[in-house]
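Structure file input07.txt with compact mmCIF, C-alpha atoms:
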# COMPACT_ATOMS: atom_id res chain seq x y z
CA MET A 102 -38.36 26.46 -9.59
CA GLN A 103 -36.56 23.78 -7.65
CA ALA A 104 -33.05 24.68 -6.52
CA PRO A 105 -30.38 22.56 -8.19
CA VAL A 106 -28.65 19.91 -6.08
CA THR A 107 -25.20 21.29 -5.32
CA SER A 108 -23.94 18.95 -2.64
CA THR A 109 -23.88 15.25 -1.97
CA THR A 110 -22.60 12.85 0.67
CA ILE A 111 -19.52 10.82 -0.15
CA THR A 112 -17.71 8.03 1.66
CA VAL A 113 -13.97 7.83 1.19
CA THR A 114 -11.33 5.77 2.95
CA ILE A 115 -8.09 7.71 3.39
CA ASN A 116 -5.04 6.01 4.93
CA GLY A 117 -7.27 3.38 6.52
CA THR A 118 -9.83 5.76 8.05
CA THR A 119 -13.27 6.04 6.49
CA TYR A 120 -14.75 9.51 6.22
CA GLU A 121 -18.35 10.28 5.34
CA ARG A 122 -18.81 13.93 4.47
CA GLU A 123 -21.20 16.15 2.62
CA VAL A 124 -19.35 17.93 -0.15
CA GLU A 125 -20.22 20.51 -2.74
CA ALA A 126 -20.34 18.94 -6.19
CA ARG A 127 -17.76 21.41 -7.45
CA LYS A 128 -15.22 20.66 -4.69
CA LEU A 129 -11.90 19.28 -5.86
CA LEU A 130 -10.51 16.17 -4.24
CA ILE A 131 -7.45 18.06 -2.98
CA HIS A 132 -9.65 20.59 -1.20
CA PHE A 133 -11.65 17.77 0.34
CA ILE A 134 -8.45 16.12 1.60
CA ARG A 135 -6.88 19.34 2.90
CA ASP A 136 -9.86 21.33 4.16
CA ASP A 137 -12.54 18.77 5.05
CA VAL A 138 -10.38 15.93 6.34
CA ASP A 139 -7.52 18.18 7.52
CA LEU A 140 -4.75 16.14 5.95
CA THR A 141 -2.55 19.02 4.87
CA GLY A 142 0.42 16.90 3.80
CA SER A 143 -0.78 16.94 0.19
CA HIS A 144 -0.10 20.37 -1.22
CA ILE A 145 -1.49 22.71 -3.84
CA GLY A 146 1.23 24.20 -5.98
CA CYS A 147 -0.70 25.25 -9.04
CA ASP A 148 -4.32 24.02 -9.00
CA THR A 149 -4.01 23.27 -12.69
CA GLY A 150 -2.50 19.79 -12.86
CA ASN A 151 1.01 20.94 -13.67
CA CYS A 152 3.04 20.70 -10.48
CA GLY A 153 2.09 17.34 -8.98
CA ALA A 154 2.29 18.55 -5.36
CA CYS A 155 -1.23 17.22 -4.77
CA SER A 156 -0.50 13.69 -6.04
CA VAL A 157 -2.28 10.91 -4.15
CA ILE A 158 -2.99 7.27 -4.90
CA VAL A 159 -6.68 6.56 -5.54
CA ASP A 160 -7.56 2.85 -5.71
CA GLY A 161 -3.97 2.07 -6.63
CA VAL A 162 -3.76 4.70 -9.37
CA LEU A 163 -1.62 7.83 -9.06
CA VAL A 164 -3.85 10.89 -9.37
CA LYS A 165 -3.26 14.62 -9.25
CA SER A 166 -6.02 15.34 -6.80
CA CYS A 167 -6.64 18.87 -8.13
CA MET A 168 -7.72 17.24 -11.39
CA MET A 169 -10.47 15.18 -9.78
CA LEU A 170 -13.68 16.15 -8.05
CA ALA A 171 -14.29 14.91 -4.54
CA VAL A 172 -17.59 13.34 -5.67
CA GLN A 173 -15.68 11.27 -8.23
CA ALA A 174 -13.71 9.74 -5.36
CA ASP A 175 -16.89 8.47 -3.66
CA GLY A 176 -16.35 4.88 -2.51
CA SER A 177 -12.65 4.89 -3.24
CA THR A 178 -9.62 4.10 -1.10
CA ILE A 179 -6.98 6.81 -1.05
CA GLN A 180 -3.41 6.88 0.17
CA THR A 181 -1.74 10.20 0.92
CA VAL A 182 1.75 11.05 2.18
CA GLU A 183 0.50 10.75 5.76
CA GLY A 184 -0.25 7.09 5.02
CA LEU A 185 3.36 6.26 4.14
CA GLY A 186 5.21 4.37 6.86
CA GLU A 187 4.44 4.89 10.51
CA GLU A 188 5.19 7.61 13.04
CA ASP A 189 8.66 6.31 13.87
CA LYS A 190 9.15 4.00 10.95
CA LEU A 191 9.83 5.63 7.62
CA THR A 192 9.45 3.68 4.40
CA ARG A 193 12.56 2.80 2.42
CA LEU A 194 11.66 5.58 0.03
CA GLN A 195 11.22 8.20 2.76
CA GLN A 196 14.58 7.20 4.25
CA ALA A 197 16.22 7.38 0.84
CA PHE A 198 14.84 10.91 0.36
CA THR A 199 16.45 12.10 3.60
CA GLN A 200 19.73 10.29 2.92
CA HIS A 201 20.13 11.61 -0.62
CA HIS A 202 19.13 15.17 0.16
CA ALA A 203 16.16 14.80 -2.15
CA LEU A 204 14.31 17.67 -0.52
CA GLN A 205 15.04 21.17 0.54
CA CYS A 206 11.91 23.12 1.43
CA GLY A 207 9.79 19.98 1.28
CA TYR A 208 6.81 21.46 -0.52
CA CYS A 209 6.94 19.17 -3.55
CA THR A 210 8.09 16.18 -1.48
CA PRO A 211 4.68 14.64 -0.69
CA GLY A 212 3.86 14.57 -4.42
CA MET A 213 7.29 13.20 -5.31
CA LEU A 214 6.91 10.49 -2.68
CA MET A 215 3.47 9.47 -3.93
CA SER A 216 4.61 9.36 -7.57
CA ALA A 217 7.63 7.27 -6.62
CA THR A 218 5.55 5.05 -4.33
CA ALA A 219 3.09 4.38 -7.15
CA LEU A 220 6.00 3.53 -9.44
CA LEU A 221 7.69 1.16 -6.99
CA GLU A 222 4.42 -0.60 -6.17
CA LYS A 223 3.93 -1.40 -9.85
CA ASN A 224 7.56 -1.87 -10.69
CA PRO A 225 9.93 -2.59 -7.78
CA SER A 226 13.02 -2.50 -10.02
CA PRO A 227 12.56 0.35 -12.47
CA ASP A 228 15.37 1.38 -14.79
CA ASP A 229 16.65 4.96 -14.98
CA GLU A 230 14.28 5.99 -17.75
CA GLU A 231 11.28 4.53 -15.94
CA ILE A 232 12.15 6.51 -12.80
CA LYS A 233 12.52 9.74 -14.78
CA LYS A 234 9.22 9.11 -16.55
CA ALA A 235 7.46 8.44 -13.25
CA LEU A 236 8.66 11.76 -11.82
CA GLN A 237 8.06 13.92 -14.86
CA GLY A 238 4.67 15.08 -13.59
CA ASN A 239 6.17 16.58 -10.45
CA ILE A 240 7.86 19.96 -10.29
CA CYS A 241 10.54 20.82 -7.74
CA ARG A 242 11.83 24.38 -7.47
CA CYS A 243 14.61 23.84 -4.90
CA THR A 244 16.97 20.95 -5.31
CA GLY A 245 16.69 20.08 -8.94
CA TYR A 246 15.73 16.57 -9.79
CA TRP A 247 18.96 14.64 -9.62
CA ASN A 248 18.92 13.88 -5.90
CA ILE A 249 15.27 12.92 -6.08
CA PHE A 250 16.09 10.56 -8.91
CA GLU A 251 19.00 9.14 -6.87
CA ALA A 252 16.74 8.64 -3.85
CA VAL A 253 14.15 6.72 -5.87
CA LYS A 254 16.90 4.67 -7.44
CA ALA A 255 18.29 3.81 -4.01
CA ALA A 256 14.86 2.82 -2.73
CA ALA A 257 14.26 0.55 -5.72
CA SER A 258 15.41 -2.96 -5.02
CA MET B 77 44.98 49.29 32.42
CA THR B 78 45.02 45.84 33.81
CA GLU B 79 45.16 42.85 31.66
CA THR B 80 42.37 40.41 32.31
CA THR B 81 42.56 36.84 31.36
CA ILE B 82 39.51 34.76 30.76
CA ALA B 83 39.88 31.04 31.03
CA PRO B 84 38.44 29.49 27.88
CA ALA B 85 35.66 27.00 28.40
CA GLN B 86 37.52 24.59 26.17
CA PRO B 87 41.25 24.42 25.61
CA LEU B 88 42.20 26.60 22.65
CA VAL B 89 44.60 24.08 21.27
CA VAL B 90 42.91 20.89 20.23
CA GLU B 91 45.07 17.84 20.13
CA GLU B 92 45.11 16.35 16.66
CA THR B 93 43.48 12.99 16.65
CA GLU B 94 42.62 10.44 14.05
CA GLU B 95 38.94 11.16 14.56
CA LYS B 96 37.84 14.51 13.16
CA PRO B 97 35.76 16.50 15.59
CA GLY B 98 32.78 18.58 14.48
CA PHE B 99 30.88 18.67 11.23
CA ILE B 100 33.57 19.17 8.61
CA GLY B 101 33.65 16.43 6.03
CA VAL B 102 30.65 14.69 7.54
CA ASN B 103 27.15 14.33 6.14
CA VAL B 104 24.87 15.95 8.68
CA PRO B 105 21.28 14.70 8.60
CA ARG B 106 18.77 17.54 8.46
CA LYS B 107 16.55 17.67 11.51
CA GLU B 108 13.54 18.91 9.51
CA ASP B 109 13.52 16.05 7.02
CA LYS B 110 11.53 13.57 9.08
CA ARG B 111 8.43 15.70 9.34
CA LEU B 112 8.73 16.88 5.74
CA VAL B 113 8.78 13.35 4.31
CA GLN B 114 5.83 12.43 6.51
CA GLY B 115 3.63 15.28 5.33
CA GLU B 116 3.89 16.94 8.74
CA GLY B 117 5.53 20.12 7.52
CA VAL B 118 3.46 23.22 8.16
CA PHE B 119 3.40 25.66 5.27
CA PHE B 120 1.49 28.91 5.17
CA ASP B 121 -1.55 27.42 3.46
CA ASP B 122 -1.71 24.67 6.12
CA ILE B 123 -2.38 27.12 8.94
CA LYS B 124 -5.95 27.52 10.11
CA ARG B 125 -6.90 30.03 12.76
CA HIS B 126 -10.18 30.58 14.53
CA ASN B 127 -12.52 32.75 12.41
CA MET B 128 -9.93 32.95 9.69
CA GLY B 129 -11.24 34.71 6.61
CA TYR B 130 -10.63 33.99 2.97
CA ILE B 131 -10.15 36.46 0.17
CA HIS B 132 -11.87 36.12 -3.16
CA PHE B 133 -11.09 38.26 -6.16
CA VAL B 134 -13.88 39.27 -8.51
CA ARG B 135 -12.26 40.07 -11.83
CA SER B 136 -13.61 42.18 -14.61
CA PRO B 137 -15.37 40.21 -17.32
CA TYR B 138 -14.09 42.75 -19.85
CA ALA B 139 -10.55 42.68 -21.23
CA HIS B 140 -10.43 46.43 -21.85
CA ALA B 141 -12.89 48.78 -20.21
CA ASN B 142 -13.23 51.71 -17.83
CA ILE B 143 -14.46 50.98 -14.32
CA VAL B 144 -17.42 53.30 -13.94
CA SER B 145 -18.71 51.95 -10.67
CA ILE B 146 -18.56 48.86 -8.48
CA ASP B 147 -21.66 47.72 -6.62
CA VAL B 148 -20.70 45.58 -3.60
CA SER B 149 -24.12 45.67 -1.92
CA LYS B 150 -25.02 42.05 -2.79
CA ALA B 151 -21.68 40.83 -1.42
CA THR B 152 -22.01 42.63 1.89
CA GLU B 153 -25.58 41.30 2.30
CA LEU B 154 -24.29 37.72 2.32
CA GLY B 155 -23.74 35.99 5.65
CA GLY B 156 -20.15 35.55 6.79
CA VAL B 157 -18.71 38.34 4.66
CA TYR B 158 -16.22 40.41 6.67
CA GLY B 159 -16.00 43.16 4.11
CA THR B 160 -15.11 44.22 0.62
CA LEU B 161 -12.20 46.15 -0.83
CA ILE B 162 -12.64 47.98 -4.11
CA GLY B 163 -9.57 50.15 -4.31
CA GLU B 164 -11.15 53.39 -3.13

Whole structure given in structure tokens:
Amino acid sequence: MQAPVTSTTITVTINGTTYEREVEARKLLIHFIRDDVDLTGSHIGCDTGNCGACSVIVDGVLVKSCMMLAVQADGSTIQTVEGLGEEDKLTRLQQAFTQHHALQCGYCTPGMLMSATALLEKNPSPDDEEIKKALQGNICRCTGYWNIFEAVKAAAS
Amino acid sequence: MTETTIAPAQPLVVEETEEKPGFIGVNVPRKEDKRLVQGEGVFFDDIKRHNMGYIHFVRSPYAHANIVSIDVSKATELGGVYGTLIGE
């Protein structure tokens, strides 16, 4: 009996760098990003699609990367928290997070930033309800949500 | 007993000025924020060490049962397995 095919080669562009890697078919996108590509900015809070700490932007769409297989991302372009701004140049949103004390331990922050980035790319001037809706898939266990909301509001033009 | 006097490094009486010295009443930017908003924070799960092992739990497929015996021989035969723990 022929052994089933359990791995395949995928090509993914993350933050402008193209990676070609062999991955197991069962591997989640977040594990590919964290373990295979070593971009540990995206976090795993729950592994079940609840917490949003693993949020990344795949081909312009906000995705919880624990809810997607790495093989499904073959050929796509992904942006993670490491792709926001530059080394010494934070984005408006990143600056707003620091100024409004929108983070404490920082574990949920990459996911919050990606959710808010996806919102502001689609809608540069969201109203209060739209901001709240955009962040409802992300859980924070330190600061509460008000300062995060304020930061996103400040970053919106 | 002799009384010793130590000259303070800074004068003990600070002249009152218009400008408040120190951190009181001032927003102090956190020095850890920059790396945290750039995804450069290092949390426990982000640490990788040479030859680091991983733990995997094998749970009982039965909701209510007595453990009669646990056979770990197949697990220890696999390559790269450091060991097994079965609570004995």

Looking at A:Val162, A:Asp136, A:Met168, A:Gly184, which one is nearest to A:Thr114, with distances taken over all atoms listed in the file?
-> A:Gly184

Selected residue, from B:Met128, B:Ala139, B:Leu112, B:Ile123, that lies nearest to B:Tyr158 when counting only C-alpha atoms = B:Met128

Which chain A residues are at most 7 Å from chain B (counting only C-alpha atoms), as a list in words?
->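 Therefore, the residues near the partner are Thr141, Gly142, Ser143, Val182, Glu183, Gln195, Thr199, Gly207, Thr210 and Pro211 of chain A.
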
Work out how far apart atom CA of A:Asp137 and atom CA of A:Leu214 are and give it in Å to one decimal.
->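 Spanning atom CA of A:Asp137 to atom CA of A:Leu214 is a straight-line distance of 22.5 Å.
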
Using only C-alpha atoms, can you list as a list in words the residues within 8 Å of (-5.6, 17.3, -8.7)?
->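 The distance filter leaves exactly Leu129, Leu130, Ile131, Asp148, Thr149, Gly150, Gly153, Cys155, Ser156, Val164, Lys165, Ser166, Cys167, Met168 and Met169 of chain A.
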
A:Val253, A:Ile145, A:Cys243, A:Val113 ranked by distance to A:Gln205, top pick (using all atoms listed in the file) | A:Cys243

Selected residue, from A:Arg193, A:Val124, A:Glu230, A:Ala252, that lies nearest to A:Ser108 when counting all atoms listed in the file =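 Of all the options, A:Val124 lies closest to A:Ser108.
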